[in-house]
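Data first, discussion second: the structure below is written as structure tokens.
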Amino acid sequence: MICLVCEPRYLRIEEPINSFHREWASDPPNAALATEQHAGLVAALERLGVEVLKVPPLEQAPYQVFTRDVLIGGLGAPIVADLRESIRRPELEALRPALDDAGIVHVESARGHLEGGHVVASGDARCVGVGDRT
């Protein structure tokens, strides 16, 4: 199993794009705490034998830590998401080379907006959410 991660080096609420960000706008994330928690998560995953793919953080991508959104798995070859919010699109600039460097064959989302958090795969079942960001 491979888990995609990106350290929260540049995590900040720059442009609230969902209800969580609107809540956090008045109480922004603590960068030091987020970095500590991220390191603990990576260490726990590695102890469990998970291969951790670290995507380099980009300063122009403040929400890049939410890696669940940029790649859709469980459907065969991973699909690179088509992110609706323009503030999120730079994340894909770091994702594609990281996948290529790791030798992970992937496909591009054809059109429309589809993010990893909108798709759940369980056994043979596939569920796709439909909403304002899909």
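By convention in this document, the chains of the structure tokens carry letters A, B, ... by their order, each chain's residues are numbered from 1, and ligands are numbered from 1 in the order they are shown.
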List the spatial neighbours of A:Leu33 as a compact mmCIF listing (two decimals) with N, CA and C atoms, in the first residue's frame - criterion: any atom at most 12 Å away, only C-alpha atoms, same-chain residues fewer than 4 positions off excluded.
# COMPACT_ATOMS: atom_id res chain seq x y z
N GLU A 7 4.09 17.42 3.67
CA GLU A 7 4.23 18.09 4.96
C GLU A 7 3.57 19.46 4.94
N PRO A 8 3.06 19.91 6.07
CA PRO A 8 2.29 21.17 6.14
C PRO A 8 3.15 22.42 6.25
N ARG A 9 4.28 22.43 5.57
CA ARG A 9 5.22 23.56 5.67
C ARG A 9 4.56 24.90 5.34
N LEU A 11 1.09 25.40 5.10
CA LEU A 11 -0.34 25.37 5.43
C LEU A 11 -0.78 26.69 6.04
N PRO A 28 -6.43 30.19 12.84
CA PRO A 28 -5.66 29.47 11.84
C PRO A 28 -4.88 28.29 12.43
N PRO A 29 -4.53 27.32 11.57
CA PRO A 29 -3.77 26.16 12.03
C PRO A 29 -2.43 26.58 12.62
N GLN A 37 2.48 16.78 14.21
CA GLN A 37 1.46 15.75 13.98
C GLN A 37 1.71 15.01 12.68
N HIS A 38 2.12 15.72 11.66
CA HIS A 38 2.41 15.11 10.36
C HIS A 38 3.57 14.11 10.49
N ALA A 39 4.62 14.50 11.18
CA ALA A 39 5.76 13.60 11.38
C ALA A 39 5.32 12.34 12.11
N GLY A 40 4.45 12.48 13.11
CA GLY A 40 3.94 11.32 13.83
C GLY A 40 3.12 10.41 12.94
> What's the 10 Å shell around A:Val120, counting only C-alpha atoms, without same-chain residues fewer than 6 positions away, as a PyMOL selection string?
Replying inline: chain A and resi 72-75+126-129
Residue subset to file, keeping N, CA and C atoms, as a compact mmCIF listing (two decimals), in the first residue's frame:
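Written output follows (out.txt):
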# COMPACT_ATOMS: atom_id res chain seq x y z
N ILE A 72 -7.14 10.03 -7.14
CA ILE A 72 -8.27 9.13 -6.93
C ILE A 72 -7.77 7.71 -7.10
N GLY A 73 -7.84 6.94 -6.04
CA GLY A 73 -7.35 5.57 -6.08
C GLY A 73 -8.49 4.58 -5.96
N GLY A 74 -8.15 3.30 -6.06
CA GLY A 74 -9.13 2.23 -5.88
C GLY A 74 -9.94 1.92 -7.12
N LEU A 75 -9.55 2.50 -8.25
CA LEU A 75 -10.31 2.29 -9.49
C LEU A 75 -9.42 1.72 -10.59
N ARG A 126 -18.10 1.23 -5.92
CA ARG A 126 -17.53 2.56 -6.10
C ARG A 126 -18.62 3.57 -5.85
N CYS A 127 -18.36 4.52 -4.99
CA CYS A 127 -19.33 5.57 -4.69
C CYS A 127 -18.72 6.91 -5.06
N VAL A 128 -19.46 7.73 -5.78
CA VAL A 128 -18.99 9.04 -6.20
C VAL A 128 -19.99 10.07 -5.70
N GLY A 129 -19.50 11.03 -4.93
CA GLY A 129 -20.36 12.08 -4.43
C GLY A 129 -20.61 13.12 -5.50
>> What's around A:Leu41 at 12 Å? Count only C-alpha atoms, leave out sequence neighbours fewer than 4 positions away in its own chain, and write the answer as a VMD selection string.
In response: chain A and resid 3 to 7 34 to 37 45 to 48 50 52
Run DSSP on the backbone and give me the residues of chain A it puts in strand (DSSP E or B), as a short mmCIF file (atom, residue, chain, number, x, y, z; two decimals) with C-alpha atoms, in the first residue's frame.
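Output saved as selection27.cif:
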data_model
loop_
_atom_site.label_atom_id
_atom_site.label_comp_id
_atom_site.auth_asym_id
_atom_site.auth_seq_id
_atom_site.Cartn_x
_atom_site.Cartn_y
_atom_site.Cartn_z
CA ILE A 2 1.19 3.50 -0.84
CA CYS A 3 0.12 6.60 1.05
CA LEU A 4 0.57 10.05 -0.46
CA VAL A 5 1.59 12.80 1.99
CA GLU A 51 5.11 2.94 1.60
CA VAL A 52 4.95 6.71 2.11
CA LEU A 53 5.24 8.86 -0.99
CA LYS A 54 6.25 12.37 0.04
CA LEU A 71 -5.45 11.62 -6.52
CA ILE A 72 -8.27 9.13 -6.93
CA ILE A 79 -6.40 9.20 -11.51
CA VAL A 80 -4.94 12.68 -11.12
CA ASP A 82 -9.22 17.87 -11.72
CA VAL A 107 -4.05 8.71 -15.75
CA GLU A 108 -5.44 12.23 -15.99
CA LEU A 114 -13.41 15.31 -9.61
CA VAL A 119 -14.72 8.91 -4.50
CA VAL A 120 -14.81 5.94 -2.14
CA ALA A 121 -13.87 2.44 -3.25
CA SER A 122 -14.80 -0.56 -1.13
CA ALA A 125 -18.34 -0.99 -5.00
CA ARG A 126 -17.53 2.56 -6.10
CA CYS A 127 -19.33 5.57 -4.69
CA VAL A 128 -18.99 9.04 -6.20
#
>> Restricting the calculation to only C-alpha atoms: of A:His113, A:Glu85, A:Glu59, A:Thr67, which residue gets closest to A:Asn18?
In response: A:Glu85
>> Could you list, as a list in words, every residue within 9 Å of A:Tyr10, counting only C-alpha atoms and ignoring same-chain residues fewer than 5 positions away?
In response: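 So, after excluding close chain neighbours, the residues are Ala31, Pro57, Leu58, Glu59, Gln60, Ala61, Pro62, Tyr63, Gln64 and Val65 of chain A.
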Go ahead and dump the residues you just picked, C-alpha atoms, as a JSON list (two decimals), in the first residue's frame.
[["chain", "number", "residue", "atom", "x", "y", "z"],
["A", 31, "ALA", "CA", 2.15, 25.32, 11.82],
["A", 57, "PRO", "CA", 5.39, 21.18, -0.60],
["A", 58, "LEU", "CA", 4.93, 24.30, -2.71],
["A", 59, "GLU", "CA", 4.68, 27.72, -1.13],
["A", 60, "GLN", "CA", 1.94, 28.73, -3.58],
["A", 61, "ALA", "CA", -0.18, 25.74, -2.49],
["A", 62, "PRO", "CA", -1.38, 26.46, 1.08],
["A", 63, "TYR", "CA", -3.86, 23.52, 1.15],
["A", 64, "GLN", "CA", -1.48, 20.95, -0.37],
["A", 65, "VAL", "CA", -1.41, 19.00, 2.88]]
>> One decimal, in Å: what's the spacing between atom CA of A:Val70 and atom CA of A:Val105?
In response: 14.9 Å
> So which one's closest to A:Gly103, A:Ile13, A:Asn30, A:Ala77, A:Val42? Using only C-alpha atoms, please.
Replying inline: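 Of A:Ile13, A:Asn30, A:Ala77, A:Val42, the one nearest A:Gly103, counting only C-alpha atoms, is A:Ala77.
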